[in-house]
Structure formats: structure tokens, C-alpha cells
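These notes concern the structure reproduced below.
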Amino acid sequence: MNEEVNARKAAFLIVLIYFLAFFPLLPRTSYYRGDERFYTDAAIRMVQTGDYLTPYYHTGRVRFRKPILVYWIIVASYKIFGISLFSSRIPFLVAGCLVLLFTYRIASSLFGERDALLASAILASNMTVFHTSIRSHPDIIQCLFLAMSLYGFMKLIFSHGASSLHYWFAYMGAALAVASKGGLGLLPVAFSLIFASFCKGVRVRELLKGKVIIVSVAVALFWFVAISLKHGEAALRDFFLDQVGERLSGSKIYILENTFLYLGGLLRELMPWSLMGLIVLVRDWDRVKGLFLTKRKEILFVAGWYLSIFVIFALSNIQRARYFLPTYPLLGALLASVLMEGEEGRSSKVVRIIEKWMLILGMMGGGLLILLGALLDLRVVTGGMILIFASMAFYRLLFQRGYLPGLLAVALLGIVGFSVVHNFLRPAIFASPAPCVVKEVLEEGGGTVAILGLPDKYRGQMNVLSGGRIRIKRLTGKDLKGLEGVRFAVTSYAFLDRLIRKGYELRKVCGYSYRKGPSLSFKEILGAVAKGDLSLLLCRFREHYYLLTKVRSGQGK
């Protein structure tokens, strides 16, 4: 009992560390993915218009490619915290933490508390889980509800002590997954019922509960019925094209490509855990074989869920690693159980060597960041010091205390490493023009801003940072007629002279990104290092952005 309580406390501590490590990233523009704008643009419009059923692109065109729940989650956050990057993202970080907790519950139901602790740590140190937890995007929300549904069905199938709550988890989780990203939410129900039909001692009808199913179906279908009544069948057609039609178009040679990509990607995406798991499989096969024999049904459930996802996305013509995110809670549970089989086996020494070198590499990486920061930016120095001290602490306090603490040390190092890179290194290298532009424009009382030569992600950032108070027009180089009546313009160097000739005056340099530039000679690199300023080199690859203001008479705001 004490071991179970300690494992649960440790799991909650890992979740807390995960939350605190990535919380500072939420208001930052240095880590921003362009497709966040699809959800924030629509949510801002909902807040402004009161139309909470219809998502729109910023252009005013309707967007039915994804269901409504994620938009509503962002809207609810806007209502509580106001419109900002922080409020756009905080629900997704919370969802990421809940995924870790459901992973713990899944693994404890399948394999035990110690394995569950390691499983939650494995997911907390996974790059895909991290990326999706700090973005305004449906992936982590869908993963949460799929994990909830699978947990409910697992309790119904494998545990005789399942309660009515597990029925709600099973079916409502699936319904909310449908409402957040579409048809994949139906898969846990179909897979679990088919799996149960082949399990001895499990009656499929025992997995069915009429009231729960009726309410869940109503939740899943509400928005689809509402938009079909409001906008006609064209809305459902757009949704179907995104979910199925566009995913199956083109030459089917991509199926073979996907097979190799996703199988190899699974090993890559779960590193270093997949490598250590392979070592345990090879060196301690006799012990792992015993696990497979005693947990045969549970392992078949995990394998069947993974294969179901694999088949669906191998048939898709889009290749993205995050598509396999819904498999990670169950795969993390199985991988943790396999790793724990090596605790007293021949592989334990090899695993401990890997742990040792991971922690040493963490110290070396911190030292490299300190050196880089001394030549670039003091923020990077701070990040390097944090990484060094964390690596030393994990090595001294965890690695030397046993097998499981050593694995947890590697997981915690991953969390700290991601946090340091994105909290200290990226902001020192990338500078979005959006915060500067929004501040300058709002100080002048607002107005319309035209953007030329900038990626559309910056428009999305400006929309959020201004709380939707700035009207933004995105123009092409051939569409300068759209500048009529526009007071502010943001552009790259390529359009700077043309705007000045149009009567605009340079107001401020706002941000920069990087592009390919001329190759550097060893002499140039050595010279910059000798001067203690790498920015001399980086400037050659920077593309600056400029804020300009209309100054000629006759032009209004």
C-alpha cells in the first residue's frame, strides 16, 4: 500500500513539474505553429459576434473542417482570462497534464503502480506530447478524450470492480473525442467491442449501457445536426472531405511509404525509451516472455489499439508523427512494463550506462549553452546553468538510488531540457514582429495594418495579441492597391522601398526571422568568436521586419 501511495505522489509531482516547466511558454511568440491561427481566429470572432456555432477563417469564409469543441474550449478560456496567447493555450497545457494522469491510471490498471509511474514519466518527456500541450490545436484534446474512453473500456473489460463512472468514461470520452476532432473518436468504441467479443469471460452486452450511450451520442452529434440545419448539407460535405475525401486522394504508393515511415517513426518518436526497451527485449527475453504470458490479454489490447491507428493513418496521404499521439498512453504503459522487467535482468547494467550518459550529456549541453550564451545572449547562459544544475541534481539524487529512479531522472532531464531550449534559447534567436507591431499600433489608437512579405502566422499572432482590436489585411506583392486607406504596414526588406514610394515612413524595426544566406568561412566564425559576439554572424542570415506609417496628407486612419 505504501508503494502505491508513493507512486501516486511521485506521479502527481511529475505532472506538477511538467506544468510548471512549460507554463512560462504559454504567452511567448517564439514557439508558435501556424495552424494555431485557425482556432484562435475563429474563437475571437465567436467572442465578438456571439455566433458560437459557426467557425470562420479570418477572411470571413466558414470553416467546417474540424468540429466545434476545441473552439468552445478556447472561447471559454477567453471569457475567463481575456483574449491573449496565454488564454489561447492554457487549456491545452491542462489537457496535457490530464493525459499524463490518465496514462498513469491506464498503466496501473494494466501492469501496476510502479510501471504506471514510469509510463507517465515517459509521456512527460515525449517531444510530441510536449509540442501539442503548448499549442492551440485539437491534437492533445483528442488524445485526452481517447485516453479517457480507452481507460473506461479497459476497466469494463479487465476489471470486475468497474463502476458506472467507467461507462461514462468509455462512451462520453469517445463522444468528446468526436466533438473535438471527428471520426477517430468512434474507434475506441468499435475496437473495444470487437476486442471484448473475442475475450473469454467477457460479455459484450455487459459493456453496453443504454442511458450512457444515448447521452453520449447526443453530445457527439449535437454540432453536426446544428450546422446542417443552419448551413445545409454543404457544411457536412466540407467536414467529410477533410476527414476522409482529401485523405485518400492521390497515388496509393504513399501507403507503402507510410508503412516504413510510421514504423521507423515509432522508434524515433519514443527515444530514448524505445532504444532501452529494445535492449531489455534482446537481453532479458525470458523475463519479458513471462510478462507476455501473464498479461496476454492486456498486451493484445495495447497492440490491437496501435494496429488500428496504424492501419487508418497508413492509408492517409498525409504523413505526420503527431497522428500516432493517441497510441502513446497505451504504448507508454507497455514500454514502461517492458523496461521494468530489466530491473533485475542482464540489461540493467546497459540501461544504467545509458542513463548515466544521458545525464552527463545534459551537463555538457548546459555547458555548451553557457558558452553560446556568453557570445550571444545572457538568457541562454541562464538556461545553460539551469540545465547543468538539474542534470547534476538528477544524477546525485536519483540515478544513484536505484533502477526506477534512474529512469525517472532521464525523464525529468527531458522535461527540463525542453523547457530550457524553448524558454531561454528560442526567444534569444527568434523575434516575432507581432508584439512590437501590436504595441505601437494600439498606442496610436489602433487602425488597419497591412502585412506584406510575412508568413500568415504573424497575422494570427497579431490578431490574438490585440484581442481582435486591430484589423489586419494580408497583401501580396502585386496587390498594393489594398493599401488604400491603410495607416500601418508591416513588411520585409523586399517591399520596403515600394512602400516608402507609396508614401509610408519607416517607424520601427520589429522582429526578424532566419533565411538561407551565404556560407560562412572558418575565418569569419573564428573572428566572431574572438570578438565574443555571434550576432555578427547571425545578422547575415536575419530577415528583419519593418513597421511603417502613412504620412502623406489625405490618408485617413
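Here's how to read the names in the C-alpha cells: chain A, B, ... by the order shown, residue numbers from 1 in each chain, ligand numbers from 1 in the order shown.
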Just want the 9 Å neighbourhood of Tyr39 of chain A, counted on only C-alpha atoms, with same-chain residues fewer than 4 positions away dropped. Output as a ChimeraX atom specification.
/A:35,43-44,55-57,70-71,74,88,136-138
Just want the 9 Å neighbourhood of segment 27-34 of chain A, counted on only C-alpha atoms, with same-chain residues fewer than 2 positions away dropped. Output as a ChimeraX atom specification.
/A:23-25,36-38,84-89,134-136,422-423,426-432,434-435,455-458,460-461
Apply DSSP to the backbone of this structure and, from segment 361-463 of chain A, keep only the residues in strand (DSSP E); write these as a PyMOL selection string.
chain A and resi 448-452
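If only C-alpha atoms are the atoms counted, then among A:Gly345, A:Pro188, A:Pro433, A:Gly210 the closest residue to Ser308 of chain A is A:Pro188.
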Which residues are close to Lys349 of chain A, i.e. within 12 Å by only C-alpha atoms, leaving aside same-chain residues fewer than 2 positions away? Reply as a VMD selection string.
chain A and resid 276 279 to 280 283 to 284 342 to 347 351 to 356 402 to 403 406
